[in-house]
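Source file: entry-v2.cif. Holds: mmCIF, N, CA and C atoms; chains and numbers go by the auth columns.
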```cif
data_input
#
loop_
_atom_site.group_PDB
_atom_site.id
_atom_site.type_symbol
_atom_site.label_atom_id
_atom_site.label_comp_id
_atom_site.label_asym_id
_atom_site.label_seq_id
_atom_site.Cartn_x
_atom_site.Cartn_y
_atom_site.Cartn_z
_atom_site.B_iso_or_equiv
_atom_site.auth_seq_id
_atom_site.auth_asym_id
ATOM 1 N N MET A 1 15.242 -8.125 -8.738 0.00 967 A
ATOM 2 C CA MET A 1 13.955 -7.877 -9.385 0.00 967 A
ATOM 3 C C MET A 1 14.086 -6.570 -10.184 0.00 967 A
ATOM 4 N N SER A 2 13.640 -6.597 -11.403 0.00 968 A
ATOM 5 C CA SER A 2 13.732 -5.418 -12.270 0.00 968 A
ATOM 6 C C SER A 2 12.747 -4.343 -11.821 0.00 968 A
ATOM 7 N N GLU A 3 13.060 -3.096 -12.184 0.00 969 A
ATOM 8 C CA GLU A 3 12.164 -1.983 -11.874 0.00 969 A
ATOM 9 C C GLU A 3 10.808 -2.178 -12.545 0.00 969 A
ATOM 10 N N ASP A 4 10.815 -2.702 -13.767 0.00 970 A
ATOM 11 C CA ASP A 4 9.551 -2.928 -14.480 0.00 970 A
ATOM 12 C C ASP A 4 8.657 -3.909 -13.731 0.00 970 A
ATOM 13 N N LEU A 5 9.254 -4.980 -13.217 0.00 971 A
ATOM 14 C CA LEU A 5 8.476 -5.967 -12.471 0.00 971 A
ATOM 15 C C LEU A 5 7.970 -5.384 -11.164 0.00 971 A
ATOM 16 N N LYS A 6 8.816 -4.615 -10.462 0.00 972 A
ATOM 17 C CA LYS A 6 8.389 -3.966 -9.221 0.00 972 A
ATOM 18 C C LYS A 6 7.193 -3.062 -9.473 0.00 972 A
ATOM 19 N N ILE A 7 7.270 -2.280 -10.543 0.00 973 A
ATOM 20 C CA ILE A 7 6.176 -1.362 -10.878 0.00 973 A
ATOM 21 C C ILE A 7 4.891 -2.136 -11.165 0.00 973 A
ATOM 22 N N GLU A 8 4.999 -3.184 -11.934 0.00 974 A
ATOM 23 C CA GLU A 8 3.822 -3.981 -12.284 0.00 974 A
ATOM 24 C C GLU A 8 3.202 -4.630 -11.043 0.00 974 A
ATOM 25 N N LEU A 9 4.036 -5.178 -10.167 0.00 975 A
ATOM 26 C CA LEU A 9 3.534 -5.813 -8.946 0.00 975 A
ATOM 27 C C LEU A 9 2.894 -4.781 -8.023 0.00 975 A
ATOM 28 N N ALA A 10 3.523 -3.610 -7.905 0.00 976 A
ATOM 29 C CA ALA A 10 2.967 -2.548 -7.069 0.00 976 A
ATOM 30 C C ALA A 10 1.621 -2.074 -7.619 0.00 976 A
ATOM 31 N N LYS A 11 1.553 -1.904 -8.933 0.00 977 A
ATOM 32 C CA LYS A 11 0.297 -1.470 -9.565 0.00 977 A
ATOM 33 C C LYS A 11 -0.814 -2.479 -9.296 0.00 977 A
ATOM 34 N N ASN A 12 -0.501 -3.754 -9.469 0.00 978 A
ATOM 35 C CA ASN A 12 -1.502 -4.792 -9.239 0.00 978 A
ATOM 36 C C ASN A 12 -1.980 -4.793 -7.792 0.00 978 A
ATOM 37 N N LYS A 13 -1.045 -4.601 -6.850 0.00 979 A
ATOM 38 C CA LYS A 13 -1.413 -4.569 -5.431 0.00 979 A
ATOM 39 C C LYS A 13 -2.297 -3.356 -5.136 0.00 979 A
ATOM 40 N N MET A 14 -1.982 -2.213 -5.753 0.00 980 A
ATOM 41 C CA MET A 14 -2.799 -1.014 -5.540 0.00 980 A
ATOM 42 C C MET A 14 -4.209 -1.207 -6.080 0.00 980 A
ATOM 43 N N VAL A 15 -4.332 -1.768 -7.259 0.00 981 A
ATOM 44 C CA VAL A 15 -5.659 -2.018 -7.843 0.00 981 A
ATOM 45 C C VAL A 15 -6.447 -2.973 -6.956 0.00 981 A
ATOM 46 N N GLU A 16 -5.773 -3.993 -6.466 0.00 982 A
ATOM 47 C CA GLU A 16 -6.419 -4.958 -5.564 0.00 982 A
ATOM 48 C C GLU A 16 -6.922 -4.250 -4.300 0.00 982 A
ATOM 49 N N SER A 17 -6.093 -3.400 -3.732 0.00 983 A
ATOM 50 C CA SER A 17 -6.477 -2.664 -2.521 0.00 983 A
ATOM 51 C C SER A 17 -7.637 -1.714 -2.784 0.00 983 A
ATOM 52 N N ILE A 18 -7.588 -1.025 -3.909 0.00 984 A
ATOM 53 C CA ILE A 18 -8.676 -0.108 -4.276 0.00 984 A
ATOM 54 C C ILE A 18 -9.985 -0.872 -4.421 0.00 984 A
ATOM 55 N N ASN A 19 -9.936 -2.003 -5.073 0.00 985 A
ATOM 56 C CA ASN A 19 -11.145 -2.812 -5.241 0.00 985 A
ATOM 57 C C ASN A 19 -11.692 -3.288 -3.898 0.00 985 A
ATOM 58 N N GLU A 20 -10.801 -3.624 -2.961 0.00 986 A
ATOM 59 C CA GLU A 20 -11.241 -4.036 -1.629 0.00 986 A
ATOM 60 C C GLU A 20 -11.952 -2.887 -0.915 0.00 986 A
ATOM 61 N N VAL A 21 -11.414 -1.678 -1.012 0.00 987 A
ATOM 62 C CA VAL A 21 -12.017 -0.513 -0.364 0.00 987 A
ATOM 63 C C VAL A 21 -13.366 -0.199 -1.003 0.00 987 A
ATOM 64 N N ILE A 22 -13.424 -0.238 -2.320 0.00 988 A
ATOM 65 C CA ILE A 22 -14.686 0.028 -3.026 0.00 988 A
ATOM 66 C C ILE A 22 -15.764 -0.940 -2.552 0.00 988 A
ATOM 67 N N THR A 23 -15.399 -2.202 -2.439 0.00 989 A
ATOM 68 C CA THR A 23 -16.355 -3.229 -2.010 0.00 989 A
ATOM 69 C C THR A 23 -16.734 -3.051 -0.547 0.00 989 A
ATOM 70 N N LYS A 24 -15.731 -2.841 0.308 0.00 990 A
ATOM 71 C CA LYS A 24 -15.983 -2.715 1.749 0.00 990 A
ATOM 72 C C LYS A 24 -16.911 -1.554 2.063 0.00 990 A
ATOM 73 N N TYR A 25 -16.686 -0.417 1.417 0.00 991 A
ATOM 74 C CA TYR A 25 -17.468 0.778 1.714 0.00 991 A
ATOM 75 C C TYR A 25 -18.585 1.029 0.716 0.00 991 A
ATOM 76 N N GLU A 26 -18.762 0.117 -0.222 0.00 992 A
ATOM 77 C CA GLU A 26 -19.814 0.224 -1.235 0.00 992 A
ATOM 78 C C GLU A 26 -19.793 1.597 -1.899 0.00 992 A
ATOM 79 N N LEU A 27 -18.606 1.986 -2.355 0.00 993 A
ATOM 80 C CA LEU A 27 -18.432 3.300 -2.968 0.00 993 A
ATOM 81 C C LEU A 27 -18.820 3.282 -4.438 0.00 993 A
ATOM 82 N N PRO A 28 -19.561 4.287 -4.870 0.00 994 A
ATOM 83 C CA PRO A 28 -19.793 4.424 -6.311 0.00 994 A
ATOM 84 C C PRO A 28 -18.495 4.895 -6.973 0.00 994 A
ATOM 85 N N LEU A 29 -18.382 4.644 -8.242 0.00 995 A
ATOM 86 C CA LEU A 29 -17.152 4.983 -8.955 0.00 995 A
ATOM 87 C C LEU A 29 -16.861 6.481 -8.948 0.00 995 A
ATOM 88 N N THR A 30 -17.895 7.301 -8.891 0.00 996 A
ATOM 89 C CA THR A 30 -17.677 8.748 -8.836 0.00 996 A
ATOM 90 C C THR A 30 -16.922 9.124 -7.562 0.00 996 A
ATOM 91 N N PHE A 31 -17.316 8.559 -6.427 0.00 997 A
ATOM 92 C CA PHE A 31 -16.608 8.841 -5.170 0.00 997 A
ATOM 93 C C PHE A 31 -15.189 8.281 -5.223 0.00 997 A
ATOM 94 N N THR A 32 -15.060 7.119 -5.810 0.00 998 A
ATOM 95 C CA THR A 32 -13.733 6.503 -5.938 0.00 998 A
ATOM 96 C C THR A 32 -12.823 7.399 -6.764 0.00 998 A
ATOM 97 N N GLU A 33 -13.338 7.962 -7.821 0.00 999 A
ATOM 98 C CA GLU A 33 -12.559 8.869 -8.665 0.00 999 A
ATOM 99 C C GLU A 33 -12.116 10.099 -7.879 0.00 999 A
ATOM 100 N N VAL A 34 -13.006 10.667 -7.088 0.00 1000 A
ATOM 101 C CA VAL A 34 -12.679 11.842 -6.279 0.00 1000 A
ATOM 102 C C VAL A 34 -11.573 11.495 -5.280 0.00 1000 A
ATOM 103 N N ILE A 35 -11.695 10.363 -4.630 0.00 1001 A
ATOM 104 C CA ILE A 35 -10.684 9.933 -3.657 0.00 1001 A
ATOM 105 C C ILE A 35 -9.342 9.708 -4.338 0.00 1001 A
ATOM 106 N N LEU A 36 -9.337 9.032 -5.471 0.00 1002 A
ATOM 107 C CA LEU A 36 -8.084 8.756 -6.179 0.00 1002 A
ATOM 108 C C LEU A 36 -7.432 10.040 -6.678 0.00 1002 A
ATOM 109 N N ASN A 37 -8.229 10.998 -7.137 0.00 1003 A
ATOM 110 C CA ASN A 37 -7.676 12.289 -7.556 0.00 1003 A
ATOM 111 C C ASN A 37 -7.036 13.009 -6.375 0.00 1003 A
ATOM 112 N N SER A 38 -7.669 12.928 -5.220 0.00 1004 A
ATOM 113 C CA SER A 38 -7.115 13.546 -4.022 0.00 1004 A
ATOM 114 C C SER A 38 -5.781 12.887 -3.638 0.00 1004 A
ATOM 115 N N ILE A 39 -5.739 11.580 -3.722 0.00 1005 A
ATOM 116 C CA ILE A 39 -4.500 10.853 -3.421 0.00 1005 A
ATOM 117 C C ILE A 39 -3.414 11.228 -4.417 0.00 1005 A
ATOM 118 N N LEU A 40 -3.756 11.311 -5.670 0.00 1006 A
ATOM 119 C CA LEU A 40 -2.785 11.686 -6.696 0.00 1006 A
ATOM 120 C C LEU A 40 -2.226 13.082 -6.434 0.00 1006 A
ATOM 121 N N ASN A 41 -3.085 14.003 -6.027 0.00 1007 A
ATOM 122 C CA ASN A 41 -2.631 15.355 -5.686 0.00 1007 A
ATOM 123 C C ASN A 41 -1.649 15.327 -4.521 0.00 1007 A
ATOM 124 N N GLU A 42 -1.932 14.514 -3.508 0.00 1008 A
ATOM 125 C CA GLU A 42 -1.038 14.393 -2.366 0.00 1008 A
ATOM 126 C C GLU A 42 0.321 13.817 -2.786 0.00 1008 A
ATOM 127 N N VAL A 43 0.293 12.790 -3.621 0.00 1009 A
ATOM 128 C CA VAL A 43 1.530 12.172 -4.080 0.00 1009 A
ATOM 129 C C VAL A 43 2.336 13.166 -4.916 0.00 1009 A
ATOM 130 N N SER A 44 1.679 13.916 -5.771 0.00 1010 A
ATOM 131 C CA SER A 44 2.366 14.921 -6.586 0.00 1010 A
ATOM 132 C C SER A 44 3.021 15.976 -5.702 0.00 1010 A
ATOM 133 N N PHE A 45 2.329 16.407 -4.646 0.00 1011 A
ATOM 134 C CA PHE A 45 2.877 17.380 -3.720 0.00 1011 A
ATOM 135 C C PHE A 45 4.099 16.810 -3.001 0.00 1011 A
ATOM 136 N N MET A 46 4.002 15.560 -2.557 0.00 1012 A
ATOM 137 C CA MET A 46 5.125 14.912 -1.875 0.00 1012 A
ATOM 138 C C MET A 46 6.337 14.798 -2.805 0.00 1012 A
ATOM 139 N N LYS A 47 6.087 14.470 -4.066 0.00 1013 A
ATOM 140 C CA LYS A 47 7.174 14.364 -5.043 0.00 1013 A
ATOM 141 C C LYS A 47 7.840 15.715 -5.240 0.00 1013 A
ATOM 142 N N LYS A 48 7.027 16.751 -5.340 0.00 1014 A
ATOM 143 C CA LYS A 48 7.565 18.102 -5.528 0.00 1014 A
ATOM 144 C C LYS A 48 8.437 18.490 -4.340 0.00 1014 A
ATOM 145 N N GLN A 49 7.969 18.219 -3.134 0.00 1015 A
ATOM 146 C CA GLN A 49 8.750 18.523 -1.938 0.00 1015 A
ATOM 147 C C GLN A 49 10.077 17.767 -1.931 0.00 1015 A
ATOM 148 N N LYS A 50 10.030 16.498 -2.308 0.00 1016 A
ATOM 149 C CA LYS A 50 11.240 15.671 -2.330 0.00 1016 A
ATOM 150 C C LYS A 50 12.239 16.220 -3.348 0.00 1016 A
ATOM 151 N N LEU A 51 11.754 16.583 -4.527 0.00 1017 A
ATOM 152 C CA LEU A 51 12.636 17.135 -5.553 0.00 1017 A
ATOM 153 C C LEU A 51 13.264 18.453 -5.096 0.00 1017 A
ATOM 154 N N GLU A 52 12.461 19.317 -4.473 0.00 1018 A
ATOM 155 C CA GLU A 52 12.982 20.589 -3.979 0.00 1018 A
ATOM 156 C C GLU A 52 14.063 20.355 -2.929 0.00 1018 A
ATOM 157 N N LYS A 53 13.842 19.401 -2.046 0.00 1019 A
ATOM 158 C CA LYS A 53 14.824 19.079 -1.014 0.00 1019 A
ATOM 159 C C LYS A 53 16.115 18.555 -1.646 0.00 1019 A
ATOM 160 N N GLU A 54 15.986 17.665 -2.617 0.00 1020 A
ATOM 161 C CA GLU A 54 17.165 17.112 -3.281 0.00 1020 A
ATOM 162 C C GLU A 54 17.944 18.198 -4.024 0.00 1020 A
ATOM 163 N N LEU A 55 17.229 19.126 -4.673 0.00 1021 A
ATOM 164 C CA LEU A 55 17.901 20.217 -5.377 0.00 1021 A
ATOM 165 C C LEU A 55 18.662 21.115 -4.407 0.00 1021 A
ATOM 166 N N LYS A 56 18.043 21.427 -3.260 0.00 1022 A
ATOM 167 C CA LYS A 56 18.718 22.244 -2.256 0.00 1022 A
ATOM 168 C C LYS A 56 19.967 21.539 -1.733 0.00 1022 A
ATOM 169 N N GLU A 57 19.870 20.231 -1.496 0.00 1023 A
ATOM 170 C CA GLU A 57 21.021 19.470 -1.021 0.00 1023 A
ATOM 171 C C GLU A 57 22.133 19.449 -2.073 0.00 1023 A
ATOM 172 N N MET A 58 21.742 19.299 -3.330 0.00 1024 A
ATOM 173 C CA MET A 58 22.721 19.278 -4.409 0.00 1024 A
ATOM 174 C C MET A 58 23.408 20.637 -4.526 0.00 1024 A
ATOM 175 N N GLU A 59 22.631 21.711 -4.436 0.00 1025 A
ATOM 176 C CA GLU A 59 23.203 23.054 -4.497 0.00 1025 A
ATOM 177 C C GLU A 59 24.141 23.290 -3.316 0.00 1025 A
ATOM 178 N N SER A 60 23.743 22.822 -2.149 0.00 1026 A
ATOM 179 C CA SER A 60 24.569 22.969 -0.952 0.00 1026 A
ATOM 180 C C SER A 60 25.887 22.208 -1.108 0.00 1026 A
ATOM 181 N N ASP A 61 25.812 20.992 -1.654 0.00 1027 A
ATOM 182 C CA ASP A 61 27.010 20.185 -1.902 0.00 1027 A
ATOM 183 C C ASP A 61 27.915 20.866 -2.918 0.00 1027 A
ATOM 184 N N ASN A 62 27.329 21.420 -3.970 0.00 1028 A
ATOM 185 C CA ASN A 62 28.122 22.095 -5.018 0.00 1028 A
ATOM 186 C C ASN A 62 28.782 23.352 -4.477 0.00 1028 A
ATOM 187 N N ASN A 63 28.091 24.091 -3.613 0.00 1029 A
ATOM 188 C CA ASN A 63 28.662 25.300 -3.028 0.00 1029 A
ATOM 189 C C ASN A 63 29.814 24.966 -2.072 0.00 1029 A
ATOM 190 N N GLY A 64 29.724 23.818 -1.440 0.00 1030 A
ATOM 191 C CA GLY A 64 30.779 23.396 -0.526 0.00 1030 A
ATOM 192 C C GLY A 64 31.998 22.892 -1.236 0.00 1030 A
ATOM 193 N N ASN A 65 31.857 22.447 -2.482 0.00 1031 A
ATOM 194 C CA ASN A 65 32.977 21.897 -3.244 0.00 1031 A
ATOM 195 C C ASN A 65 33.692 22.964 -4.071 0.00 1031 A
ATOM 196 N N GLU A 66 33.188 24.176 -4.063 0.00 1032 A
ATOM 197 C CA GLU A 66 33.792 25.231 -4.897 0.00 1032 A
ATOM 198 C C GLU A 66 34.860 25.974 -4.149 0.00 1032 A
#
```
Structure encoded using C-alpha coordinates:
Amino acid sequence: MSEDLKIELAKNKMVESINEVITKYELPLTFTEVILNSILNEVSFMKKQKLEKELKEMESDNNGNE
(Lines of atoms letter the chains of each structure in order from A and count residues from 1; the text may use other names and numbers.)
(Lines give C-alpha, C1' and ligand atoms only; values in the text may rest on other atoms or scores of the structure.)
Protein backbone atom coordinates (compact mmCIF):
# COMPACT_ATOMS: atom_id res chain seq x y z
CA MET A 1 0.00 0.00 0.00
CA SER A 2 1.42 3.39 -0.96
CA GLU A 3 2.09 6.10 1.61
CA ASP A 4 -0.41 8.35 -0.18
CA LEU A 5 -3.17 5.75 0.18
CA LYS A 6 -2.30 5.12 3.84
CA ILE A 7 -2.50 8.85 4.53
CA GLU A 8 -5.84 9.20 2.76
CA LEU A 9 -7.34 6.19 4.57
CA ALA A 10 -6.05 7.41 7.93
CA LYS A 11 -7.44 10.90 7.30
CA ASN A 12 -10.84 9.50 6.38
CA LYS A 13 -10.89 7.32 9.51
CA MET A 14 -9.97 10.32 11.69
CA VAL A 15 -12.73 12.47 10.19
CA GLU A 16 -15.19 9.63 10.72
CA SER A 17 -14.12 9.29 14.36
CA ILE A 18 -14.33 13.04 14.94
CA ASN A 19 -17.83 13.12 13.51
CA GLU A 20 -18.85 10.24 15.80
CA VAL A 21 -17.54 12.10 18.87
CA ILE A 22 -19.23 15.34 17.83
CA THR A 23 -22.53 13.50 17.45
CA LYS A 24 -22.18 11.40 20.61
CA TYR A 25 -21.38 14.36 22.85
CA GLU A 26 -23.42 16.93 20.91
CA LEU A 27 -20.41 19.23 20.70
CA PRO A 28 -20.66 22.61 19.02
CA LEU A 29 -18.01 23.23 16.40
CA THR A 30 -16.28 25.80 18.61
CA PHE A 31 -15.60 23.15 21.27
CA THR A 32 -14.54 20.71 18.57
CA GLU A 33 -12.05 23.25 17.27
CA VAL A 34 -10.59 23.77 20.75
CA ILE A 35 -10.23 20.01 21.26
CA LEU A 36 -8.63 19.49 17.85
CA ASN A 37 -6.17 22.34 18.46
CA SER A 38 -5.22 20.75 21.77
CA ILE A 39 -4.68 17.40 20.06
CA LEU A 40 -2.59 19.03 17.36
CA ASN A 41 -0.42 20.68 20.02
CA GLU A 42 0.11 17.30 21.70
CA VAL A 43 1.04 15.65 18.40
CA SER A 44 3.47 18.47 17.57
CA PHE A 45 5.11 18.06 20.98
CA MET A 46 5.40 14.29 20.50
CA LYS A 47 6.97 14.82 17.06
CA LYS A 48 9.47 17.28 18.50
CA GLN A 49 10.44 14.82 21.23
CA LYS A 50 10.86 12.02 18.69
CA LEU A 51 13.05 14.18 16.45
CA GLU A 52 15.21 15.26 19.40
CA LYS A 53 15.65 11.62 20.43
CA GLU A 54 16.58 10.58 16.89
CA LEU A 55 19.10 13.43 16.60
CA LYS A 56 20.73 12.45 19.90
CA GLU A 57 20.93 8.82 18.76
CA MET A 58 22.43 9.88 15.43
CA GLU A 59 25.00 12.08 17.18
CA SER A 60 25.84 9.24 19.56
CA ASP A 61 26.29 6.84 16.62
CA ASN A 62 28.50 9.36 14.78
CA ASN A 63 30.65 9.93 17.87
CA GLY A 64 31.12 6.19 18.25
CA ASN A 65 32.23 5.78 14.63
CA GLU A 66 34.92 8.47 14.80
*Separation of CA of Ala976 in chain A from CA of Ser1010 in chain A, in Å and rounded to one decimal*: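 These atoms are spaced 17.5 Å apart.
Using only C-alpha atoms, the shortest contact distance between Met980 in chain A and any of A:Met1024, A:Lys1013, A:Leu1002, A:Pro994 is found at A:Leu1002.
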So that all listed atoms of range 974-977 of chain A fit with 4 Å spare on each side, what axis-aligned box centre and edge lengths in Å, to one decimal, would you give as JSON?
```
{"center_x": 2.1, "center_y": -3.6, "center_z": -9.7, "size_x": 13.8, "size_y": 12.3, "size_z": 13.2}
```
*Any idea what the distance is between CA of Lys1019 in chain A and atom C of Lys979 in chain A?*
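That distance, rounded to one decimal, is 28.5 Å.
For the pair CA of Thr998 in chain A and CA of Ile984 in chain A, the interatomic distance is 8.5 Å.
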